Amino acid sequence: MCGIVGYLGPKQAAPVLLDGLTKLEYRGYDSAGVAVLNPDGNIDVVKAKGKLEELKKAVDGGRKLRGNCGIGHTRWATHGEPNEVNAHPHINDEQSIAAVHNGIIENYAELKAKLIRHGYKFYSETDTEVATKLVDYYYKKYGDPLEAISKFSLRVRGSYALAVMFEKYPQTIFAIRKDSPMIIGVADGETFLASDVPAILKYTRNVYYVENLEIARLEKGAVSFYNIDGDEKDKAPVEITWDAASAEKDGYEHFMLKEIHEQPKVVKDTLNSLLHGGEIDFTEIGLTDGELENINGIIIAGCGSAYHVGVVMQYVIEDLARVPVRVELASELRYRNPVTSGELLIVISQSGETADSLAALRAAKERGLKTFAIVNVLGSSIAREADKVIYTKAGPEISVATTKAYSSQLIAGYAFAVKLAKVKKTITDAYYSQLINELFALPEKISSVLENRESIQKFASRTVDKEDVFFLGRGVDYAVSIEGSLKLKEISYIHSEAYAAGELKHGTISLIEKGTLVFGVLTQDMLVEKTVSNLAETQTRGAVVAAVASEGLKLPDDFDRVFRIPETDGHFTASLAVIPLQLFAYYLSVLRGNDVDKPRNLAKSVTVE
């Protein structure tokens with residue numbers, strides 16, 4: 001998930017490269033580097049460990065690198081630890097060839113052994129140094145960069161977007177891609193290369209999307225394309241018509257990642273829409289205290305993640321307001337003939353158009369139930385037909401896999417539960433005020449969890465080969481587990497299951513074998529010891545155990561990985577515990593080369609059965 005850039009033109013290359021890397025830093029922040037072919041004919045390389053700011057300091061604003069042809073890279077480590085030596089660009093022994101690479105060379109060990117037999121030595125632990133020296137090997141053999149890159153592509157397995165500079169071709173960059181993104185832009189005597197549009201959008205809107213196994217030869221203000229046999233091919237540019245904000249996705253690679261990071265804002269916005277003067281106030285939605293006081297039973301219906309929000313709400317409402325709650329899959333509820341008596345139906349839907357949820361709403365109305373909706377889309381069918389509506393403030397959610405809509409639904413559900421408990425007088429005024437304060441603290445706490453994304457990203461890279469993952473939890477933690485499992489399976493296509501931890505010995509444990517990944521969610525003080533015992537049972541059978549746990553909870557030292565979340569009231573921990581699981585699913589999906597925002601076979605709004 002690294003980012004690469006390249007530049008040819010009349011300008012000093014280094015500042016352009018650094019600017020492009022700034023736009024791509026979301027793709028990696030372990031280290032960064034640039035290589036520039038200077039006027040004296042030498043390739044100068046500057047690299048730095050850490051975030052891009054460290055590279056900028058090392059380059060000194062680009063003044064030390066005087067050439068106008070260069071390549072750059074921002075790294076997310078796969079092969080080799082994050083350090084200056086492993087940072088890109090990589091060079092051959094004579095420092096006459098430099099390359100940057102995004103992707104993974106799967107057979108790099110085999111290729112490295114071959115090159116060692118031919119006298120090559122290696123200074124890093126990276127697959128990219130192997131790729132660079134393989135290109136060097138074929139260049140020395142055939143004397144032609146295009147032929148060398150073509151032969152390279154026939155020998156490597158894996159994914160790559162590779163850009164290469166040759167000292168003997170001082171105003172040229174050669175590039176090839178397979179399964180990793182690469183675009184090239186041309187404008188006014190300048191040529192740009194990058195992993196994604198944001199890096200070059202300020203310079204040109206005319207871009208070429210490089211196809212799989214297509215070789216590009218970049219020169220000042222021009223680019224030529226060749227197939228793997230070296231035959232030149234015609235290619236038309238595409239004009240980017242998006243506005244900058246849309247094209248850049250606010251600097252994120254995918255809408256899903258952007259939306260994960262928007263959760264502090266949408267939680268705050270939704271909460272602010274429901275609280276006035278420090279009090280939860282449903283007056284604007286027409287829900288009076290008298291109506292709340294008369295609620296003696298609740299059915300919650302939803303599909304997918306909306307159903308999972310309902311599972312959280314069930315625990316929270318029953319514990320705080322002491323009102324019995326049933327949570328139902330809308331697709332099941334609509335085909336049952338449920339026994340109802342004076343209950344309220346709460347329907348949860350992001351789009352407000354979910355077919356099964358809408359049908360459940362209509363069936364409930366036919367039975368004379370009061371209906372209440374939590375939706376994100378103004379004027380949607382469910383919003384129009386429900387008696388009362390809370391609108392979440394998630395804004396448009398583009399990624400199919402919901403994240404910020406889920407979090408905004410949770411906060412709406414919490415507010416409903418707390419208000420209901422206040423009206424029912426099942427909590428004290430002091431505790432009510434404490435809960436309000438905890439709700440207002442959630443956005444900042446979610447932000448603090450997001451700051452830990454690098455460790456989650458690295459753990460995903462170490463577990464990308466897993467084909468079976470289990471999630472265990474009790475109470476609210478079980479509700480988080482089923483959402484974490486769904487996120488993982490829907491975008492990574494990895495088989496995953498979530499189980500109430502107490503059910504482990506009732507069959508599930510037979511599926512645990514050496515290397516199985518088991519995620520435990522542990523945020524409930526009174527239940528943590530029991531869940532830890534269940535996790536230990538999987539560990540003794542060879543499972544790799546990871547945990548999402550609240551700060552302050554005592555856990556065994558031998559868990560393989562623990563992701564800590566800030567402490568909050570136990571009723572609200574789902575809002576924090578789900579974040580690491582969202583990020584874990586996201587990074588695994590990226591590593592497996594999936595279309596994160598558009599998972600196969602899924603649609604954003606399920607408007608048919």
# chains A, B, ... in the order shown; residues from 1 in each chain; ligands from 1
>>> select_by_dssp(residues="region 271-390 of chain A", states="alpha helix (DSSP H)", output="ChimeraX atom specification")
/A:271-274,289-293,305-321,330-333,355-366,381-385
>>> residues_around(residues="Ala99 (chain A)", least_positions_apart="2", cutoff="6 Å", atoms="only C-alpha atoms", output="ChimeraX atom specification")
/A:89-90,132,163-164
>>> select_by_dssp(residues="region 47-285 of chain A", states="strand (DSSP E or B)", output="ChimeraX atom specification")
/A:47-49,69-75,90-91,97-105,158-166,173-179,183-187,190-194,206-209,214-219,222-226,232-233,238-239,275-276,279-280
>>> residues_around(residues="region 134-143 of chain A", least_positions_apart="2", cutoff="8 Å", atoms="only C-alpha atoms", output="PyMOL selection string")
chain A and resi 92+97+111+115+130-132+145+147-149+151-152
>>> write_last_selection(atoms="all heavy atoms", output="compact mmCIF listing (two decimals), in the first residue's frame")
# COMPACT_ATOMS: atom_id res chain seq x y z
N ASN A 92 20.94 -0.27 -7.83
CA ASN A 92 21.82 -1.39 -8.14
C ASN A 92 23.20 -1.12 -7.54
O ASN A 92 23.45 -0.06 -6.91
CB ASN A 92 21.91 -1.61 -9.65
CG ASN A 92 22.53 -0.43 -10.38
OD1 ASN A 92 22.65 0.67 -9.83
ND2 ASN A 92 22.94 -0.65 -11.62
N ILE A 97 21.09 2.61 -11.53
CA ILE A 97 19.67 2.34 -11.70
C ILE A 97 18.99 2.53 -10.35
O ILE A 97 19.50 2.08 -9.33
CB ILE A 97 19.42 0.89 -12.20
CG1 ILE A 97 19.99 0.70 -13.61
CG2 ILE A 97 17.93 0.57 -12.20
CD1 ILE A 97 19.86 -0.73 -14.12
N LEU A 111 14.09 -15.34 -6.45
CA LEU A 111 14.82 -14.45 -7.34
C LEU A 111 16.11 -13.94 -6.69
O LEU A 111 17.14 -13.80 -7.36
CB LEU A 111 13.93 -13.27 -7.74
CG LEU A 111 12.70 -13.62 -8.56
CD1 LEU A 111 11.78 -12.41 -8.70
CD2 LEU A 111 13.09 -14.16 -9.94
N LEU A 115 19.96 -14.24 -8.08
CA LEU A 115 20.84 -13.09 -8.28
C LEU A 115 22.13 -13.24 -7.46
O LEU A 115 23.21 -12.84 -7.92
CB LEU A 115 20.11 -11.81 -7.91
CG LEU A 115 18.97 -11.41 -8.86
CD1 LEU A 115 18.12 -10.30 -8.26
CD2 LEU A 115 19.52 -10.99 -10.22
N VAL A 130 15.34 -6.56 -4.60
CA VAL A 130 15.42 -7.70 -5.50
C VAL A 130 14.88 -7.32 -6.88
O VAL A 130 15.49 -7.63 -7.91
CB VAL A 130 14.63 -8.90 -4.93
CG1 VAL A 130 14.60 -10.06 -5.92
CG2 VAL A 130 15.24 -9.35 -3.61
N ALA A 131 13.74 -6.61 -6.90
CA ALA A 131 13.16 -6.18 -8.18
C ALA A 131 14.11 -5.27 -8.93
O ALA A 131 14.31 -5.40 -10.15
CB ALA A 131 11.83 -5.47 -7.92
N THR A 132 14.73 -4.33 -8.22
CA THR A 132 15.66 -3.39 -8.85
C THR A 132 16.85 -4.13 -9.47
O THR A 132 17.25 -3.86 -10.62
CB THR A 132 16.16 -2.38 -7.81
OG1 THR A 132 15.03 -1.74 -7.20
CG2 THR A 132 17.05 -1.33 -8.45
N PRO A 145 16.38 -0.88 -21.78
CA PRO A 145 15.48 -0.80 -20.62
C PRO A 145 14.13 -1.48 -20.86
O PRO A 145 13.60 -2.15 -19.97
CB PRO A 145 15.31 0.70 -20.41
CG PRO A 145 16.53 1.31 -20.98
CD PRO A 145 16.88 0.46 -22.16
N GLU A 147 13.42 -3.98 -22.86
CA GLU A 147 13.60 -5.42 -22.84
C GLU A 147 13.83 -5.91 -21.41
O GLU A 147 13.31 -6.96 -21.00
CB GLU A 147 14.79 -5.81 -23.72
CG GLU A 147 15.02 -7.30 -23.87
CD GLU A 147 14.00 -7.97 -24.77
OE1 GLU A 147 13.24 -7.26 -25.45
OE2 GLU A 147 13.94 -9.22 -24.77
N ALA A 148 14.60 -5.15 -20.65
CA ALA A 148 14.89 -5.54 -19.27
C ALA A 148 13.61 -5.58 -18.45
O ALA A 148 13.38 -6.52 -17.67
CB ALA A 148 15.89 -4.57 -18.65
N ILE A 149 12.75 -4.58 -18.61
CA ILE A 149 11.51 -4.53 -17.84
C ILE A 149 10.54 -5.62 -18.31
O ILE A 149 9.83 -6.23 -17.50
CB ILE A 149 10.89 -3.13 -17.93
CG1 ILE A 149 11.77 -2.14 -17.17
CG2 ILE A 149 9.48 -3.11 -17.39
CD1 ILE A 149 11.38 -0.69 -17.32
N LYS A 151 11.40 -8.58 -19.51
CA LYS A 151 11.89 -9.84 -18.95
C LYS A 151 11.63 -9.90 -17.44
O LYS A 151 11.30 -10.95 -16.89
CB LYS A 151 13.38 -9.99 -19.23
CG LYS A 151 13.72 -10.24 -20.70
CD LYS A 151 13.19 -11.59 -21.15
CE LYS A 151 13.68 -11.99 -22.53
NZ LYS A 151 13.14 -11.15 -23.61
N PHE A 152 11.76 -8.77 -16.78
CA PHE A 152 11.43 -8.69 -15.35
C PHE A 152 10.01 -9.16 -15.11
O PHE A 152 9.74 -9.97 -14.21
CB PHE A 152 11.62 -7.25 -14.87
CG PHE A 152 10.88 -6.91 -13.60
CD1 PHE A 152 11.45 -7.10 -12.37
CD2 PHE A 152 9.59 -6.37 -13.66
CE1 PHE A 152 10.76 -6.79 -11.20
CE2 PHE A 152 8.90 -6.05 -12.51
CZ PHE A 152 9.49 -6.27 -11.27
>>> closest_residue(among="A:Leu37, A:Cys303, A:Ala77, A:Leu442", to="Thr172 (chain A)", atoms="only C-alpha atoms")
A:Leu37
>>> residues_around(residues="Leu17 (chain A)", least_positions_apart="5", cutoff="10 Å", atoms="only C-alpha atoms", output="list in words")
Ile4, Val5, Gly6, Tyr7, Gln12, Thr22, Gly33, Val34, Ala35, Val36, Gly62, Cys69, Gly70, Ile71, Gly72, His73, Phe192, Leu193, Ala194, Ala199 and Ile200 of chain A
>>> closest_residue(among="A:Phe459, A:Tyr478, A:Tyr226, A:Tyr123", to="Phe174 (chain A)", atoms="only C-alpha atoms")
A:Tyr226
>>> decode(residues="region 437-449 of chain A", atoms="all heavy atoms", output="CSV table (one decimal), in the first residue's frame")
chain,number,residue,atom,x,y,z
A,437,ASN,N,-22.3,13.4,29.8
A,437,ASN,CA,-20.9,13.8,29.6
A,437,ASN,C,-20.1,12.7,28.9
A,437,ASN,O,-19.2,13.0,28.1
A,437,ASN,CB,-20.3,14.0,31.0
A,437,ASN,CG,-20.8,15.2,31.7
A,437,ASN,OD1,-21.3,16.2,31.0
A,437,ASN,ND2,-20.8,15.3,33.0
A,438,GLU,N,-20.4,11.4,29.2
A,438,GLU,CA,-19.7,10.3,28.5
A,438,GLU,C,-20.0,10.3,27.0
A,438,GLU,O,-19.1,10.1,26.2
A,438,GLU,CB,-20.0,9.0,29.1
A,438,GLU,CG,-19.4,8.8,30.5
A,438,GLU,CD,-17.8,8.6,30.4
A,438,GLU,OE1,-17.3,8.3,29.3
A,438,GLU,OE2,-17.2,9.0,31.4
A,439,LEU,N,-21.2,10.6,26.7
A,439,LEU,CA,-21.6,10.7,25.2
A,439,LEU,C,-20.8,11.8,24.5
A,439,LEU,O,-20.3,11.6,23.4
A,439,LEU,CB,-23.1,11.0,25.1
A,439,LEU,CG,-24.0,9.8,25.4
A,439,LEU,CD1,-25.5,10.2,25.4
A,439,LEU,CD2,-23.8,8.6,24.5
A,440,PHE,N,-20.7,12.9,25.2
A,440,PHE,CA,-20.0,14.1,24.6
A,440,PHE,C,-18.5,13.8,24.4
A,440,PHE,O,-17.8,14.4,23.6
A,440,PHE,CB,-20.2,15.4,25.3
A,440,PHE,CG,-21.4,16.1,24.9
A,440,PHE,CD1,-22.5,16.3,25.8
A,440,PHE,CD2,-21.5,16.6,23.7
A,440,PHE,CE1,-23.6,16.9,25.4
A,440,PHE,CE2,-22.7,17.3,23.2
A,440,PHE,CZ,-23.7,17.5,24.1
A,441,ALA,N,-18.0,12.9,25.3
A,441,ALA,CA,-16.6,12.5,25.2
A,441,ALA,C,-16.2,11.5,24.2
A,441,ALA,O,-15.0,11.3,23.8
A,441,ALA,CB,-16.1,12.0,26.6
A,442,LEU,N,-17.2,10.9,23.6
A,442,LEU,CA,-16.9,9.8,22.7
A,442,LEU,C,-16.2,10.2,21.4
A,442,LEU,O,-15.3,9.5,21.0
A,442,LEU,CB,-18.3,9.1,22.3
A,442,LEU,CG,-18.8,8.1,23.3
A,442,LEU,CD1,-20.2,7.6,22.8
A,442,LEU,CD2,-17.9,6.9,23.6
A,443,PRO,N,-16.5,11.4,20.8
A,443,PRO,CA,-15.8,11.7,19.6
A,443,PRO,C,-14.3,11.8,19.7
A,443,PRO,O,-13.5,11.3,18.9
A,443,PRO,CB,-16.4,13.1,19.2
A,443,PRO,CG,-17.8,13.0,19.7
A,443,PRO,CD,-17.7,12.3,21.0
A,444,GLU,N,-13.9,12.5,20.8
A,444,GLU,CA,-12.4,12.6,21.1
A,444,GLU,C,-11.8,11.2,21.3
A,444,GLU,O,-10.7,10.9,20.9
A,444,GLU,CB,-12.2,13.5,22.2
A,444,GLU,CG,-10.7,13.8,22.5
A,444,GLU,CD,-10.5,14.8,23.6
A,444,GLU,OE1,-11.4,15.5,23.9
A,444,GLU,OE2,-9.3,14.9,24.1
A,445,LYS,N,-12.5,10.3,22.0
A,445,LYS,CA,-12.0,9.0,22.3
A,445,LYS,C,-11.9,8.2,21.0
A,445,LYS,O,-11.0,7.4,20.9
A,445,LYS,CB,-12.9,8.3,23.4
A,445,LYS,CG,-12.7,9.0,24.8
A,445,LYS,CD,-13.6,8.3,25.8
A,445,LYS,CE,-13.4,9.0,27.2
A,445,LYS,NZ,-14.2,8.4,28.2
A,446,ILE,N,-12.9,8.3,20.2
A,446,ILE,CA,-12.8,7.6,18.9
A,446,ILE,C,-11.6,8.1,18.1
A,446,ILE,O,-10.9,7.3,17.5
A,446,ILE,CB,-14.1,7.8,18.0
A,446,ILE,CG1,-15.3,7.2,18.7
A,446,ILE,CG2,-13.9,7.3,16.6
A,446,ILE,CD1,-16.6,7.5,18.1
A,447,SER,N,-11.3,9.4,18.1
A,447,SER,CA,-10.1,9.9,17.5
A,447,SER,C,-8.9,9.3,18.0
A,447,SER,O,-7.9,9.0,17.3
A,447,SER,CB,-10.1,11.5,17.6
A,447,SER,OG,-11.2,12.1,16.9
A,448,SER,N,-8.8,9.1,19.3
A,448,SER,CA,-7.6,8.5,19.9
A,448,SER,C,-7.4,7.1,19.5
A,448,SER,O,-6.3,6.7,19.3
A,448,SER,CB,-7.7,8.6,21.4
A,448,SER,OG,-8.6,7.7,22.0
A,449,VAL,N,-8.5,6.4,19.3
A,449,VAL,CA,-8.4,5.0,18.8
A,449,VAL,C,-7.8,5.0,17.3
A,449,VAL,O,-7.0,4.2,17.0
A,449,VAL,CB,-9.7,4.3,18.8
A,449,VAL,CG1,-9.6,2.8,18.3
A,449,VAL,CG2,-10.2,4.2,20.3
